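S.K.: Got a file for you: structure08.tsv, TSV, C-alpha atoms and all ligand atoms.
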chain	number	residue	atom	x	y	z
A	125	MET	CA	-7.68	-10.57	-5.83
A	126	SER	CA	-6.47	-12.50	-2.81
A	127	ASP	CA	-8.82	-13.69	-0.10
A	128	GLY	CA	-7.78	-10.91	2.23
A	129	THR	CA	-7.02	-11.06	5.89
A	130	ALA	CA	-9.80	-13.06	7.44
A	131	ASN	CA	-10.76	-11.56	10.74
A	132	ARG	CA	-13.95	-12.33	12.60
A	133	TRP	CA	-15.35	-8.99	13.69
A	134	ASP	CA	-17.35	-9.07	16.91
A	135	ALA	CA	-19.10	-5.70	16.67
A	136	ASP	CA	-20.17	-5.65	20.37
A	137	ASP	CA	-16.68	-6.45	21.61
A	138	TYR	CA	-15.27	-3.91	19.21
A	139	ASP	CA	-17.39	-1.12	20.67
A	140	ASP	CA	-17.03	-2.30	24.27
A	141	GLY	CA	-13.30	-2.87	24.46
A	142	HIS	CA	-11.67	-1.09	21.54
A	143	GLY	CA	-13.41	2.27	21.39
A	144	PHE	CA	-10.01	3.94	21.23
A	145	VAL	CA	-9.87	3.18	17.48
A	146	ALA	CA	-12.75	5.51	16.64
A	147	GLU	CA	-11.70	7.97	19.40
A	148	TYR	CA	-8.30	8.44	17.77
A	149	GLY	CA	-10.11	8.73	14.43
A	150	ALA	CA	-11.83	11.94	15.58
A	151	SER	CA	-8.73	13.95	14.69
A	152	LEU	CA	-8.78	12.36	11.23
A	153	VAL	CA	-12.30	13.76	10.81
A	154	ASP	CA	-10.80	17.17	11.66
A	155	LEU	CA	-8.26	16.63	8.89
A	156	LEU	CA	-11.07	15.66	6.49
A	157	ASP	CA	-12.89	18.85	7.51
A	158	PRO	CA	-16.24	17.82	6.01
A	159	LYS	CA	-18.37	20.68	4.81
A	160	SER	CA	-22.10	21.05	4.89
A	161	GLY	CA	-23.63	19.61	1.73
A	162	GLU	CA	-20.63	17.45	0.81
A	163	ARG	CA	-21.03	13.75	0.06
A	164	VAL	CA	-18.53	11.65	2.00
A	165	LEU	CA	-17.92	7.90	1.85
A	166	ASP	CA	-16.53	6.22	5.00
A	167	LEU	CA	-14.59	3.19	3.72
A	168	GLY	CA	-14.33	0.34	6.25
A	169	CYS	CA	-16.73	2.20	8.54
A	170	GLY	CA	-17.01	-0.54	11.19
A	171	THR	CA	-19.75	0.31	13.68
A	172	GLY	CA	-20.25	3.72	12.11
A	173	HIS	CA	-19.21	6.15	14.84
A	174	LEU	CA	-16.97	8.22	12.59
A	175	THR	CA	-19.54	8.10	9.78
A	176	ALA	CA	-21.92	9.70	12.29
A	177	ASP	CA	-19.31	12.31	13.30
A	178	ILE	CA	-18.94	13.25	9.63
A	179	ALA	CA	-22.72	13.51	9.23
A	180	GLU	CA	-22.96	15.67	12.36
A	181	ARG	CA	-20.77	18.22	10.62
A	182	GLY	CA	-23.36	18.62	7.90
A	183	ALA	CA	-22.09	16.26	5.21
A	184	THR	CA	-24.11	13.42	3.72
A	185	ALA	CA	-22.14	10.44	4.97
A	186	VAL	CA	-22.41	6.88	3.68
A	187	GLY	CA	-20.58	3.95	5.29
A	188	ILE	CA	-19.44	0.74	3.65
A	189	ASP	CA	-17.78	-2.23	5.26
A	190	GLN	CA	-16.97	-5.81	4.34
A	191	SER	CA	-18.31	-7.22	7.61
A	192	ALA	CA	-22.04	-7.97	7.78
A	193	GLU	CA	-21.93	-7.78	11.57
A	194	MET	CA	-20.31	-4.35	11.59
A	195	VAL	CA	-22.81	-3.02	9.04
A	196	GLU	CA	-25.73	-4.41	11.05
A	197	GLN	CA	-24.46	-2.76	14.24
A	198	ALA	CA	-23.86	0.56	12.43
A	199	ARG	CA	-27.41	0.53	11.02
A	200	ALA	CA	-28.87	-0.20	14.46
A	201	ALA	CA	-26.87	2.61	16.09
A	202	TYR	CA	-27.47	5.19	13.37
A	203	PRO	CA	-30.75	4.36	11.59
A	204	GLY	CA	-30.79	7.75	9.86
A	205	LEU	CA	-27.57	7.02	7.98
A	206	SER	CA	-26.89	4.76	5.05
A	207	PHE	CA	-24.59	1.76	5.50
A	208	ARG	CA	-24.00	-1.06	3.09
A	209	ARG	CA	-21.83	-4.10	2.81
A	210	ALA	CA	-19.11	-3.80	0.18
A	211	ASP	CA	-15.44	-4.56	-0.31
A	212	ALA	CA	-12.88	-1.75	-0.50
A	213	ARG	CA	-11.31	-3.50	-3.50
A	214	SER	CA	-14.40	-3.69	-5.66
A	215	PHE	CA	-17.08	-1.22	-4.48
A	216	THR	CA	-18.77	1.11	-6.95
A	217	ALA	CA	-20.62	4.37	-6.43
A	218	GLU	CA	-23.59	5.52	-8.48
A	219	ASP	CA	-23.04	9.16	-7.58
A	220	ARG	CA	-19.55	10.52	-7.15
A	221	PHE	CA	-18.37	11.60	-3.70
A	222	ASP	CA	-16.56	14.78	-2.68
A	223	ALA	CA	-14.37	12.80	-0.30
A	224	VAL	CA	-13.52	9.24	0.68
A	225	PHE	CA	-12.52	8.82	4.32
A	226	SER	CA	-11.02	5.74	5.93
A	227	ASN	CA	-9.81	5.08	9.48
A	228	ALA	CA	-7.97	1.95	10.61
A	229	ALA	CA	-9.34	-0.21	7.81
A	230	LEU	CA	-6.94	-0.18	4.86
A	231	HIS	CA	-4.20	-2.27	6.50
A	232	TRP	CA	-6.65	-5.17	6.57
A	233	VAL	CA	-6.53	-5.32	2.78
A	234	PRO	CA	-3.51	-7.31	1.54
A	235	GLY	CA	-0.77	-5.24	-0.07
A	236	ALA	CA	-1.25	-6.89	-3.46
A	237	ASP	CA	-4.82	-5.57	-3.61
A	238	HIS	CA	-4.20	-1.89	-2.90
A	239	ASP	CA	-4.01	-0.80	-6.52
A	240	ALA	CA	-7.57	-2.10	-6.80
A	241	VAL	CA	-8.57	-0.14	-3.68
A	242	ILE	CA	-7.01	3.05	-5.01
A	243	GLU	CA	-8.73	2.55	-8.38
A	244	ALA	CA	-12.12	2.01	-6.72
A	245	VAL	CA	-11.63	5.13	-4.58
A	246	ALA	CA	-10.60	7.22	-7.60
A	247	ASP	CA	-13.67	6.02	-9.52
A	248	ALA	CA	-15.91	6.93	-6.58
A	249	LEU	CA	-14.57	10.50	-6.32
A	250	ARG	CA	-15.39	13.51	-8.43
A	251	PRO	CA	-12.33	15.09	-10.06
A	252	GLY	CA	-10.66	17.17	-7.35
A	253	GLY	CA	-12.24	15.01	-4.64
A	254	ARG	CA	-10.07	14.04	-1.67
A	255	PHE	CA	-9.01	10.74	-0.15
A	256	VAL	CA	-8.25	11.17	3.55
A	257	ALA	CA	-7.12	8.09	5.44
A	258	GLU	CA	-5.19	6.63	8.32
A	259	MET	CA	-3.87	3.09	8.47
A	260	GLY	CA	-1.09	1.17	10.15
A	261	GLY	CA	2.24	2.32	8.72
A	262	THR	CA	5.53	0.54	8.41
A	263	GLY	CA	6.66	-0.74	11.81
A	264	ASN	CA	3.13	-0.63	13.26
A	265	VAL	CA	2.73	-2.92	16.31
A	266	ASP	CA	6.08	-4.39	15.34
A	267	ARG	CA	6.95	-5.63	18.81
A	268	ILE	CA	3.59	-7.34	19.22
A	269	VAL	CA	3.83	-8.97	15.78
A	270	THR	CA	7.44	-10.06	16.32
A	271	ALA	CA	6.72	-11.55	19.76
A	272	THR	CA	3.61	-13.35	18.51
A	273	LEU	CA	5.31	-14.84	15.45
A	274	ALA	CA	8.27	-15.93	17.59
A	275	GLU	CA	6.02	-17.57	20.18
A	276	LEU	CA	4.07	-19.34	17.43
A	277	ARG	CA	7.28	-20.46	15.70
A	278	GLU	CA	8.60	-21.93	18.93
A	279	ARG	CA	5.49	-24.09	19.06
A	280	GLY	CA	5.81	-25.22	15.44
A	281	TYR	CA	3.45	-22.74	13.74
A	282	ASP	CA	4.94	-20.81	10.85
A	283	ARG	CA	2.82	-17.66	10.44
A	284	GLU	CA	3.27	-14.28	8.74
A	285	ASN	CA	2.30	-10.73	9.60
A	286	PRO	CA	-1.32	-10.66	8.40
A	287	TRP	CA	-1.43	-6.89	7.88
A	288	TYR	CA	-0.16	-4.47	5.25
A	289	PHE	CA	1.77	-1.61	6.83
A	290	PRO	CA	3.33	0.46	4.02
A	291	SER	CA	5.87	3.28	4.21
A	292	VAL	CA	5.10	6.85	3.13
A	293	GLY	CA	7.16	6.40	-0.05
A	294	GLU	CA	5.49	3.15	-1.02
A	295	TYR	CA	1.94	4.30	-0.51
A	296	ALA	CA	2.44	7.78	-1.98
A	297	THR	CA	3.88	6.13	-5.10
A	298	ARG	CA	0.86	3.87	-5.40
A	299	LEU	CA	-1.52	6.81	-4.93
A	300	GLU	CA	0.28	8.81	-7.62
A	301	ALA	CA	0.19	5.85	-10.00
A	302	GLY	CA	-3.56	5.68	-9.36
A	303	GLY	CA	-4.16	9.28	-10.41
A	304	PHE	CA	-3.87	11.06	-7.06
A	305	GLU	CA	-1.83	14.07	-6.07
A	306	VAL	CA	-0.48	13.48	-2.57
A	307	ARG	CA	-0.85	16.68	-0.58
A	308	ARG	CA	0.20	15.26	2.77
A	309	ALA	CA	1.58	11.94	4.01
A	310	VAL	CA	3.08	11.33	7.42
A	311	LEU	CA	4.26	8.34	9.43
A	312	PHE	CA	4.17	8.83	13.19
A	313	ASP	CA	4.48	6.83	16.39
A	314	ARG	CA	1.31	6.76	18.43
A	315	PRO	CA	1.81	4.65	21.57
A	316	THR	CA	-1.68	3.45	22.36
A	317	GLU	CA	-3.00	2.44	25.77
A	318	LEU	CA	-5.11	-0.69	25.48
A	319	GLU	CA	-8.36	-1.02	27.38
A	320	ASN	CA	-9.18	-3.66	30.04
A	321	GLY	CA	-6.11	-3.40	32.28
A	322	ALA	CA	-4.05	-6.57	32.66
A	323	ASP	CA	-6.15	-8.28	29.98
A	324	GLY	CA	-5.54	-5.52	27.46
A	325	LEU	CA	-3.00	-7.31	25.29
A	326	ALA	CA	-4.88	-10.63	25.34
A	327	ASP	CA	-8.08	-8.80	24.39
A	328	TRP	CA	-6.31	-6.92	21.60
A	329	LEU	CA	-4.93	-10.17	20.19
A	330	SER	CA	-8.36	-11.74	20.44
A	331	MET	CA	-10.05	-8.86	18.58
A	332	PHE	CA	-7.46	-8.11	15.94
A	333	GLY	CA	-5.12	-11.09	15.71
A	334	ASP	CA	-7.63	-13.78	14.91
A	335	SER	CA	-5.97	-14.97	11.71
A	336	LEU	CA	-2.63	-15.48	13.47
A	337	PHE	CA	-4.18	-18.20	15.60
A	338	ALA	CA	-6.23	-19.96	12.92
A	339	GLY	CA	-6.34	-23.70	13.48
A	340	LEU	CA	-5.02	-23.61	17.05
A	341	ALA	CA	-6.98	-25.36	19.80
A	342	ASP	CA	-8.25	-23.01	22.52
A	343	ASP	CA	-5.74	-24.16	25.13
A	344	GLU	CA	-2.84	-23.84	22.68
A	345	ARG	CA	-4.01	-20.37	21.71
A	346	GLU	CA	-4.19	-19.35	25.38
A	347	ALA	CA	-0.66	-20.68	25.92
A	348	VAL	CA	0.66	-18.67	22.97
A	349	VAL	CA	-1.02	-15.49	24.23
A	350	ALA	CA	0.43	-16.05	27.72
A	351	GLY	CA	3.86	-16.51	26.13
A	352	VAL	CA	3.48	-13.26	24.17
A	353	GLU	CA	2.48	-11.46	27.37
A	354	ASP	CA	5.59	-12.80	29.12
A	355	ARG	CA	7.80	-11.58	26.30
A	356	LEU	CA	6.30	-8.08	26.21
A	357	ARG	CA	5.35	-7.43	29.86
A	358	PRO	CA	8.68	-5.85	30.89
A	359	ASP	CA	8.47	-3.16	28.21
A	360	MET	CA	4.79	-2.72	27.48
A	361	PHE	CA	2.92	-3.21	30.77
A	362	ASP	CA	3.27	-0.73	33.64
A	363	GLY	CA	1.39	-2.82	36.18
A	364	GLU	CA	-2.00	-1.39	35.21
A	365	THR	CA	-2.10	-0.77	31.47
A	366	TRP	CA	-0.63	-2.25	28.31
A	367	THR	CA	0.69	0.26	25.79
A	368	ALA	CA	0.89	-0.95	22.20
A	369	ASP	CA	3.52	0.30	19.75
A	370	TYR	CA	1.15	1.79	17.19
A	371	ARG	CA	2.62	3.65	14.26
A	372	ARG	CA	0.25	5.28	11.82
A	373	LEU	CA	0.36	6.39	8.21
A	374	ARG	CA	-1.94	9.33	7.50
A	375	PHE	CA	-2.45	10.91	4.12
A	376	VAL	CA	-4.49	13.44	2.17
A	377	ALA	CA	-4.56	12.84	-1.59
A	378	VAL	CA	-6.60	14.62	-4.24
A	379	ARG	CA	-7.96	12.99	-7.37
A	380	ALA	CA	-6.51	14.61	-10.45
A	381	ALA	CA	-9.04	16.51	-12.51
B	1	LIG	C1	-10.51	-1.64	13.10
B	1	LIG	S1	-11.99	-1.57	12.20
B	1	LIG	C2	-12.15	0.20	11.96
B	1	LIG	C3	-13.59	0.61	11.83
B	1	LIG	C4	-13.87	2.12	11.78
B	1	LIG	N1	-13.31	2.72	10.59
B	1	LIG	C5	-13.39	2.82	13.03
B	1	LIG	O1	-12.55	3.74	12.93
B	1	LIG	O2	-13.85	2.46	14.13
B	1	LIG	C6	-11.56	-2.15	10.58
B	1	LIG	C7	-12.74	-2.31	9.66
B	1	LIG	O3	-12.27	-2.54	8.33
B	1	LIG	C8	-13.19	-3.40	7.72
B	1	LIG	N2	-12.56	-4.02	6.53
B	1	LIG	C9	-11.51	-4.87	6.49
B	1	LIG	N3	-11.25	-5.26	5.23
B	1	LIG	C10	-12.15	-4.62	4.43
B	1	LIG	C11	-12.40	-4.60	3.04
B	1	LIG	N4	-11.67	-5.33	2.18
B	1	LIG	N5	-13.42	-3.85	2.57
B	1	LIG	C12	-14.19	-3.13	3.42
B	1	LIG	N6	-14.00	-3.09	4.76
B	1	LIG	C13	-13.00	-3.83	5.27
B	1	LIG	C14	-13.52	-4.40	8.80
B	1	LIG	O4	-14.68	-5.13	8.50
B	1	LIG	C15	-13.65	-3.49	10.00
B	1	LIG	O5	-14.95	-3.04	10.21
How does this structure look as structure tokens?

M.R.:
Amino acid sequence: MSDGTANRWDADDYDDGHGFVAEYGASLVDLLDPKSGERVLDLGCGTGHLTADIAERGATAVGIDQSAEMVEQARAAYPGLSFRRADARSFTAEDRFDAVFSNAALHWVPGADHDAVIEAVADALRPGGRFVAEMGGTGNVDRIVTATLAELRERGYDRENPWYFPSVGEYATRLEAGGFEVRRAVLFDRPTELENGADGLADWLSMFGDSLFAGLADDEREAVVAGVEDRLRPDMFDGETWTADYRRLRFVAVRAA
């Protein structure tokens, strides 16, 4: 297993400035359609808002996340729910779940480790249980990634896209190899308005792009971010709001009996 994409998660900042992630996830909860009495695992639950949405619909919802800070914040916000720290690649479940749900978390796991994720999810599900997830899909935030890597390269830093954004064909094949029947898989553009006005892109890079800037001094990092803003402003900033070129992969897969 590789080390994974190291990102420092600031749970307060996440809730304050990036609430759109969970807000968009509400329609994924609709797709999950949790039923009263079902047991649902929220994989990469972050601060737990969607775990709570699932519980509100009558299911018993449990959240797991790799980040201690996210788990702590989720527990404080929703003391009646169960959250624990665990890795998507190696978690185990004592009692099988009816569904595993995951929003905006899987692309943080390196591509090489996804067979392990799929195996862990399959093991956690009862036969016939469903895996309902959304993650960045191929081409996700491509313009932001391209501009950031170019700006870094110009300053002598050779970095790579830190995320795994698979295509429908690639991920469906992996799910099938892991014992799932893919009932639905779709890749779609979802232009996403960033919060915090003119600072939106800088804030987004600060929250999500941490590993891209590893080892850079603060002033150098600020200069890179300013350079990225200059490159993208003409196409992505309308004078008030930055709009990021999100593209999502959403799927529903059922564990074979
Ligand atoms: C953008 S947040 C999404 C959180 C939440 N699902 C939501 O919709 O608001 C991504 C989350 O994935 C978690 N994560 C990343 N890699 C993980 C891994 N290997 N195992 C478990 N959680 C992971 C992070 O800690 C973070 O909380």

S.K.: Quick check, in Å to one decimal: how far apart do atom C6 of ligand LIG 1 (chain B) and atom CA of A:Ala326 lie?

M.R.: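 Atom-to-atom, atom C6 of ligand LIG 1 (chain B) to atom CA of A:Ala326, that is 18.3 Å.
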
S.K.: Which of these, A:Met259, A:Ala185, A:Leu318, A:Leu273, has the shortest distance to ligand LIG 1 (chain B) once you count only C-alpha atoms and all ligand atoms?

M.R.: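 Closest to ligand LIG 1 (chain B), using only C-alpha atoms and all ligand atoms: A:Met259.
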
S.K.: Write out as a list in words which residues come within 10 Å of A:Asp139 when counting only C-alpha atoms, dropping same-chain ones fewer than 5 positions away.

M.R.: Asp134, Phe144, Val145, Ala146, Gly170, Thr171, His173 and Gln197 of chain A

S.K.: Within 8 Å of (-14.1, 10.4, -4.1), only C-alpha atoms: residues as a list in words?

M.R.: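 All residues meeting the 8 Å criterion around (-14.1, 10.4, -4.1) are Val164, Leu165, Arg220, Phe221, Asp222, Ala223, Val224, Val245, Ala246, Asp247, Ala248, Leu249, Arg250, Pro251, Gly253, Arg254, Phe255 and Arg379 of chain A.
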
S.K.: Quick one, how far is atom C9 of ligand LIG 1 (chain B) from atom CA of A:Thr175?

M.R.: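 For atom C9 of ligand LIG 1 (chain B) relative to atom CA of A:Thr175, the distance reads 15.6 Å.
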
S.K.: Which residues of chain A sit at most 7 Å from ligand LIG 1 (chain B), using all atoms listed in the file? Give each one's shortest atom pair and distance in Å (one decimal place), in chain and ascending residue order, as a tab-separated table.

M.R.:
residue	atom	partner	partner_atom	distance
A:Gly128	CA	B:LIG1	N4	6.8
A:Trp133	CA	B:LIG1	O4	6.5
A:Val145	CA	B:LIG1	O2	5.3
A:Ala146	CA	B:LIG1	O2	4.1
A:Gly149	CA	B:LIG1	O1	5.8
A:Leu167	CA	B:LIG1	C12	6.3
A:Gly168	CA	B:LIG1	N6	3.8
A:Cys169	CA	B:LIG1	N1	4.0
A:Gly170	CA	B:LIG1	O5	3.4
A:Thr171	CA	B:LIG1	O2	6.3
A:Gly172	CA	B:LIG1	C4	6.6
A:His173	CA	B:LIG1	O2	6.5
A:Leu174	CA	B:LIG1	O1	6.3
A:Ile188	CA	B:LIG1	C12	6.5
A:Asp189	CA	B:LIG1	N6	3.9
A:Gln190	CA	B:LIG1	C12	4.0
A:Ser191	CA	B:LIG1	O4	4.3
A:Met194	CA	B:LIG1	O5	5.7
A:Ala210	CA	B:LIG1	C12	5.9
A:Asp211	CA	B:LIG1	N5	3.6
A:Ala212	CA	B:LIG1	N5	3.8
A:Arg213	CA	B:LIG1	N4	6.0
A:Ser226	CA	B:LIG1	N1	6.0
A:Asn227	CA	B:LIG1	N1	4.4
A:Ala228	CA	B:LIG1	C2	4.7
A:Ala229	CA	B:LIG1	O3	3.8
A:Leu230	CA	B:LIG1	N3	6.7
A:Trp232	CA	B:LIG1	N3	4.8
A:Val233	CA	B:LIG1	N4	5.2

S.K.: So for stretch 293-310 of chain A, what box centre and size do we get, axis-aligned, 4 Å extra on each of the six sides, every listed atom, Å to one decimal, as lines of an AutoDock Vina configuration file?

M.R.:
center_x = 1.5
center_y = 9.9
center_z = -1.5
size_x = 19.3
size_y = 21.5
size_z = 25.8

S.K.: When you look at A:Asp313 with a cut-off of 12 Å (counting all atoms listed in the file), what residues show up, excluding the ones that are within fewer than 2 positions of it in the same chain? I need them as a count of residues only.

M.R.: 18

S.K.: Can you pull out the residues contacting A:Ala296? Cut-off 9 Å, using all atoms listed in the file, and skip same-chain residues under 2 positions away; I want them as a list of chain:residue names.

M.R.: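 Counting only the stated atoms, we get A:Ser291, A:Val292, A:Gly293, A:Glu294, A:Arg298, A:Leu299, A:Glu300, A:Ala301, A:Phe304, A:Glu305, A:Val306, A:Ala309, A:Phe375, A:Ala377.
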